[in-house]
Amino acid sequence: MTVIVTGCGFDPWQEIQNYQQTTGILDGQVGATNVFIGTLRDFNDGTAVKGMTLEHYPGMTERQLEIIISEAARQWPVIDALVIHRVGDILPNEPIVLVAVWTSHRGDAFDASRHIMEALKSKAPFWKKERLVSADSRWVKENTNGYKPAQ
Amino acid sequence: MTVIVTGCGFDPWQEIQNYQQTTGILDGQVGATNVFIGTLRDFNDGTAVKGMTLEHYPGMTERQLEIIISEAARQWPVIDALVIHRVGDILPNEPIVLVAVWTSHRGDAFDASRHIMEALKSKAPFWKKERLVSADSRWVKENTNGYKPAQ
Amino acid sequence: MSIKVRYFASLKEDLGRSEDILETASLLTVRQIWQCANPQQTLPNPILVAVNKDYADLESLVNDGDEVAFFPPVTGG
Amino acid sequence: MSIKVRYFASLKEDLGRSEDILETASLLTVRQIWQCANPQQTLPNPILVAVNKDYADLESLVNDGDEVAFFPPVTGG
C-alpha cells in the first residue's frame, strides 16, 4: 500500500506499470485491477479554466490517505493499493489523482477503488484554487459526490 | 469507441497510453478515467490453474461488445471507451480483459466501466477452459456477478 | 432453404462437431432447427442462441441463409 | 503551554497569515484556541479542524506542544 503526494507531473499508466514491476504484485493472486484517474478539465461550472493550484497540509495529507487505504483494506480483501496525488500548479489534461487497487475478484476492485476516491474527496486535506482564463482565480467551494441524484 | 479481440498478449497500460495519444481524447473535457483489468489467477475454486484457453464467436463477439458500449454511452455521458479482450491460450498473470472509460465526471466513469464489465460477463460470447496443474482441463461453468451478497 | 448451424465451447465438444448445414423445406423456429440437426439430443438447458450473430430466442423464426448458433452460458471477462 | 495554530487555503488568505504560536496558561479546547488566536473573528462555518494532523472536533482539548489546524472543506481528487 503506497501513498505519494507529488509536486511533479506524472504519467499514470507509466506509474502503474512501474509499480507492478517493482512490487511484483502480479504473482497469480490478482484477478482484478481497478484504476481511477482524475484529470483537470479546462471548464468548470461554466467558466473556462486555465490551470489550478493545489494546496495541501504536508504530513496530514499523507496520513489521511494512509488511513483511507487501511479502511478500504479492512472492508474489502485488497492485495495492494496505490494512491498518487498531485499538488502545486497544474494544467488542463494533467492528472490530479490516481487510485489503483489490486484484488482477486472484480467486485472488490471496483468497490474499494470507488470508496478510496470518495473518502479522499471528503477527507484528504487538499484545496483547489482555479486560475481562470479571465485572469481571476477562485477557490473551489465544495466537492460534489460525483453522482447523479437517484431518479 | 473501440473494441479489440486479440489472440496476442497485451500490456494494458501501454495500450491505454497509446490509445490516448492516437485518439487525442484528452482535449480538456475529460475529468475522469476508469480502467478495469481482469487477469488470470493461478487458482480458481480451490484448484491450481496452469493456464486457460478462451474460445469466442468471431464476429458476434465484437458485435456484442459494440452494443454493450453503445448502451453504456446512452446511459452515461461517455466521451470515449476502449475494450480489449484476449482469446486463445493465456497464462497466469496475463490480462484477459481491459475496459477503459473516459468521462467528464467521476461517477459516470465508475458507473459506465462497471456496467460494461458486467454486461460483457453476461453477454459477450467468450468461453473459458481452464488447464489445470493436474493435467485435466475444465470448462468454467458460470460467471458470478462478482459481488458479495448484501449483508 | 439452407441454414448454417454452429456450436461453441462445451456444446461443440459434446456434439463432436462445430457446425451443420441444414437444408429445410419450411420456415422453422430456432427450437425446430435444433431438433432437425440433433434428433437424438434434447436441447441442453441452460442454452443461449443467436441468429445472425444477435441473441435470439428459441421461438425466433429462421430464414434462408441465416446462421443459427447454440452455445452454453458465456464466461468471458 | 505552547500551541502551534495553522490555517490553510481560503482561510489562510482571509486571515492574511498561515500560523500563530499561542502561549496559554490553561488547558483549552480547539474552539477556545480559535477565540484566543482570533478574538475579532467568529469561527467560520463550515470549518474543519485537526489536532496533530488527525481530525478533531471543536470541543477536543489541546495539550502543550500540540499543532492545531483550521481549514475549509477539502476539495482534492
# chains A, B, ... in the order shown; residues from 1 in each chain; ligands from 1
call {"tool": "residues_around", "arguments": {"residues": "region 48-53 of chain D", "least_positions_apart": "6", "cutoff": "9 Å", "atoms": "only C-alpha atoms", "output": "number ranges by chain"}}
result
A: 57, 59-61, 63-64; D: 30, 60, 62, 66-74
call {"tool": "select_by_dssp", "arguments": {"residues": "region 7-65 of chain D", "states": "alpha helix (DSSP H)", "output": "JSON, numbers by chain"}}
result
{"D": [9, 10, 11, 12, 13, 14, 15, 30, 31, 32, 33, 34, 35, 36, 37]}
call {"tool": "residues_around", "arguments": {"residues": "Ile33 (chain C)", "least_positions_apart": "5", "cutoff": "9 Å", "atoms": "only C-alpha atoms", "output": "PyMOL selection string"}}
result
chain C and resi 3+5+22+24+28+38+62+68
call {"tool": "residues_around", "arguments": {"residues": "Arg138 (chain A)", "least_positions_apart": "5", "cutoff": "12 Å", "atoms": "only C-alpha atoms", "output": "PyMOL selection string"}}
result
(chain A and resi 44-45+47-54+127-133) or (chain D and resi 9-10+13)
call {"tool": "write_last_selection", "arguments": {"atoms": "N, CA, C and O atoms", "output": "PDB file, in the first residue's frame"}}
result
ATOM      1  N   ASN A  44     -15.126  24.508 -15.793  1.00  0.00           N
ATOM      2  CA  ASN A  44     -15.783  24.065 -14.556  1.00  0.00           C
ATOM      3  C   ASN A  44     -16.869  25.062 -14.191  1.00  0.00           C
ATOM      4  O   ASN A  44     -16.641  26.276 -14.197  1.00  0.00           O
ATOM      5  N   ASP A  45     -18.059  24.562 -13.896  1.00  0.00           N
ATOM      6  CA  ASP A  45     -19.176  25.435 -13.528  1.00  0.00           C
ATOM      7  C   ASP A  45     -19.374  26.548 -14.556  1.00  0.00           C
ATOM      8  O   ASP A  45     -19.601  27.711 -14.198  1.00  0.00           O
ATOM      9  N   THR A  47     -17.234  28.027 -16.466  1.00  0.00           N
ATOM     10  CA  THR A  47     -16.157  29.001 -16.622  1.00  0.00           C
ATOM     11  C   THR A  47     -14.896  28.324 -17.160  1.00  0.00           C
ATOM     12  O   THR A  47     -14.529  27.239 -16.711  1.00  0.00           O
ATOM     13  N   ALA A  48     -14.236  28.989 -18.122  1.00  0.00           N
ATOM     14  CA  ALA A  48     -13.018  28.440 -18.703  1.00  0.00           C
ATOM     15  C   ALA A  48     -11.878  28.488 -17.678  1.00  0.00           C
ATOM     16  O   ALA A  48     -11.631  29.523 -17.057  1.00  0.00           O
ATOM     17  N   VAL A  49     -11.219  27.363 -17.522  1.00  0.00           N
ATOM     18  CA  VAL A  49     -10.161  27.232 -16.515  1.00  0.00           C
ATOM     19  C   VAL A  49      -8.805  27.110 -17.218  1.00  0.00           C
ATOM     20  O   VAL A  49      -8.629  26.307 -18.118  1.00  0.00           O
ATOM     21  N   LYS A  50      -7.848  27.945 -16.773  1.00  0.00           N
ATOM     22  CA  LYS A  50      -6.532  27.991 -17.391  1.00  0.00           C
ATOM     23  C   LYS A  50      -5.572  27.041 -16.686  1.00  0.00           C
ATOM     24  O   LYS A  50      -4.600  26.551 -17.273  1.00  0.00           O
ATOM     25  N   GLY A  51      -5.847  26.824 -15.413  1.00  0.00           N
ATOM     26  CA  GLY A  51      -4.975  25.971 -14.620  1.00  0.00           C
ATOM     27  C   GLY A  51      -5.476  25.912 -13.200  1.00  0.00           C
ATOM     28  O   GLY A  51      -6.516  26.498 -12.877  1.00  0.00           O
ATOM     29  N   MET A  52      -4.739  25.216 -12.357  1.00  0.00           N
ATOM     30  CA  MET A  52      -5.182  25.064 -10.984  1.00  0.00           C
ATOM     31  C   MET A  52      -3.965  24.993 -10.067  1.00  0.00           C
ATOM     32  O   MET A  52      -2.907  24.506 -10.483  1.00  0.00           O
ATOM     33  N   THR A  53      -4.129  25.499  -8.851  1.00  0.00           N
ATOM     34  CA  THR A  53      -3.087  25.331  -7.846  1.00  0.00           C
ATOM     35  C   THR A  53      -3.669  24.507  -6.709  1.00  0.00           C
ATOM     36  O   THR A  53      -4.738  24.821  -6.197  1.00  0.00           O
ATOM     37  N   LEU A  54      -2.983  23.430  -6.369  1.00  0.00           N
ATOM     38  CA  LEU A  54      -3.459  22.552  -5.305  1.00  0.00           C
ATOM     39  C   LEU A  54      -2.618  22.724  -4.062  1.00  0.00           C
ATOM     40  O   LEU A  54      -1.408  22.469  -4.068  1.00  0.00           O
ATOM     41  N   TRP A 127      -6.757  21.447  -1.236  1.00  0.00           N
ATOM     42  CA  TRP A 127      -7.657  22.542  -1.618  1.00  0.00           C
ATOM     43  C   TRP A 127      -7.266  23.026  -3.003  1.00  0.00           C
ATOM     44  O   TRP A 127      -6.098  23.323  -3.268  1.00  0.00           O
ATOM     45  N   LYS A 128      -8.290  23.143  -3.867  1.00  0.00           N
ATOM     46  CA  LYS A 128      -8.069  23.563  -5.253  1.00  0.00           C
ATOM     47  C   LYS A 128      -8.378  25.032  -5.427  1.00  0.00           C
ATOM     48  O   LYS A 128      -9.427  25.507  -5.013  1.00  0.00           O
ATOM     49  N   LYS A 129      -7.474  25.718  -6.081  1.00  0.00           N
ATOM     50  CA  LYS A 129      -7.747  27.097  -6.488  1.00  0.00           C
ATOM     51  C   LYS A 129      -7.616  27.152  -8.002  1.00  0.00           C
ATOM     52  O   LYS A 129      -6.540  26.875  -8.548  1.00  0.00           O
ATOM     53  N   GLU A 130      -8.707  27.480  -8.670  1.00  0.00           N
ATOM     54  CA  GLU A 130      -8.692  27.526 -10.129  1.00  0.00           C
ATOM     55  C   GLU A 130      -8.171  28.874 -10.617  1.00  0.00           C
ATOM     56  O   GLU A 130      -8.572  29.920 -10.110  1.00  0.00           O
ATOM     57  N   ARG A 131      -7.291  28.817 -11.625  1.00  0.00           N
ATOM     58  CA  ARG A 131      -6.869  30.036 -12.315  1.00  0.00           C
ATOM     59  C   ARG A 131      -7.735  30.134 -13.567  1.00  0.00           C
ATOM     60  O   ARG A 131      -7.714  29.255 -14.421  1.00  0.00           O
ATOM     61  N   LEU A 132      -8.530  31.189 -13.650  1.00  0.00           N
ATOM     62  CA  LEU A 132      -9.488  31.313 -14.743  1.00  0.00           C
ATOM     63  C   LEU A 132      -8.882  32.032 -15.932  1.00  0.00           C
ATOM     64  O   LEU A 132      -7.902  32.780 -15.804  1.00  0.00           O
ATOM     65  N   VAL A 133      -9.466  31.798 -17.103  1.00  0.00           N
ATOM     66  CA  VAL A 133      -8.996  32.452 -18.321  1.00  0.00           C
ATOM     67  C   VAL A 133      -9.160  33.968 -18.175  1.00  0.00           C
ATOM     68  O   VAL A 133      -8.373  34.757 -18.703  1.00  0.00           O
TER      69      VAL A 133
ATOM     70  N   ALA D   9      -5.509  27.338   2.918  1.00  0.00           N
ATOM     71  CA  ALA D   9      -6.358  27.652   1.753  1.00  0.00           C
ATOM     72  C   ALA D   9      -7.037  29.014   1.915  1.00  0.00           C
ATOM     73  O   ALA D   9      -6.381  29.995   2.294  1.00  0.00           O
ATOM     74  N   SER D  10      -8.340  29.101   1.641  1.00  0.00           N
ATOM     75  CA  SER D  10      -9.030  30.397   1.662  1.00  0.00           C
ATOM     76  C   SER D  10      -8.990  31.026   3.057  1.00  0.00           C
ATOM     77  O   SER D  10      -8.936  32.247   3.195  1.00  0.00           O
ATOM     78  N   GLU D  13      -5.795  32.846   3.436  1.00  0.00           N
ATOM     79  CA  GLU D  13      -5.849  34.106   2.687  1.00  0.00           C
ATOM     80  C   GLU D  13      -6.700  35.154   3.408  1.00  0.00           C
ATOM     81  O   GLU D  13      -6.348  36.333   3.461  1.00  0.00           O
TER      82      GLU D  13
END
call {"tool": "interface_residues", "arguments": {"of": "chain A", "to": "chain C", "cutoff": "12 Å", "atoms": "only C-alpha atoms", "output": "ChimeraX atom specification"}}
result
/A:31-32,105-106
call {"tool": "atom_distance", "arguments": {"atom1": "CA of Ile67 (chain B)", "atom2": "CA of Phe110 (chain B)"}}
result
18.8 Å
call {"tool": "atom_distance", "arguments": {"atom1": "CA of Pro12 (chain B)", "atom2": "CA of Ile4 (chain A)"}}
result
22.3 Å
call {"tool": "interface_residues", "arguments": {"of": "chain A", "to": "chain B", "cutoff": "8 Å", "atoms": "only C-alpha atoms", "output": "PyMOL selection string"}}
result
chain A and resi 13-14+16-17+26-43+92-93+104-108+110+114+145-148
call {"tool": "residues_around", "arguments": {"residues": "Leu43 (chain C)", "least_positions_apart": "4", "cutoff": "10 Å", "atoms": "only C-alpha atoms", "output": "list in words"}}
result
Arg31, Trp34, Gln35, Asn38, Pro39, Ile47 and Phe70 of chain C
call {"tool": "select_by_dssp", "arguments": {"residues": "chain B", "states": "strand (DSSP E or B)", "output": "number ranges by chain"}}
result
B: 2-6, 32-39, 43-44, 47-56, 78-86, 88-90, 95-103, 126-132, 137-139
call {"tool": "atom_distance", "arguments": {"atom1": "CA of Pro77 (chain A)", "atom2": "CA of Trp139 (chain B)"}}
result
26.6 Å
call {"tool": "residues_around", "arguments": {"residues": "Ser2 (chain D)", "least_positions_apart": "5", "cutoff": "6 Å", "atoms": "only C-alpha atoms", "output": "list in words"}}
result
Leu22, Glu23, Asp64 and Gly65 of chain D
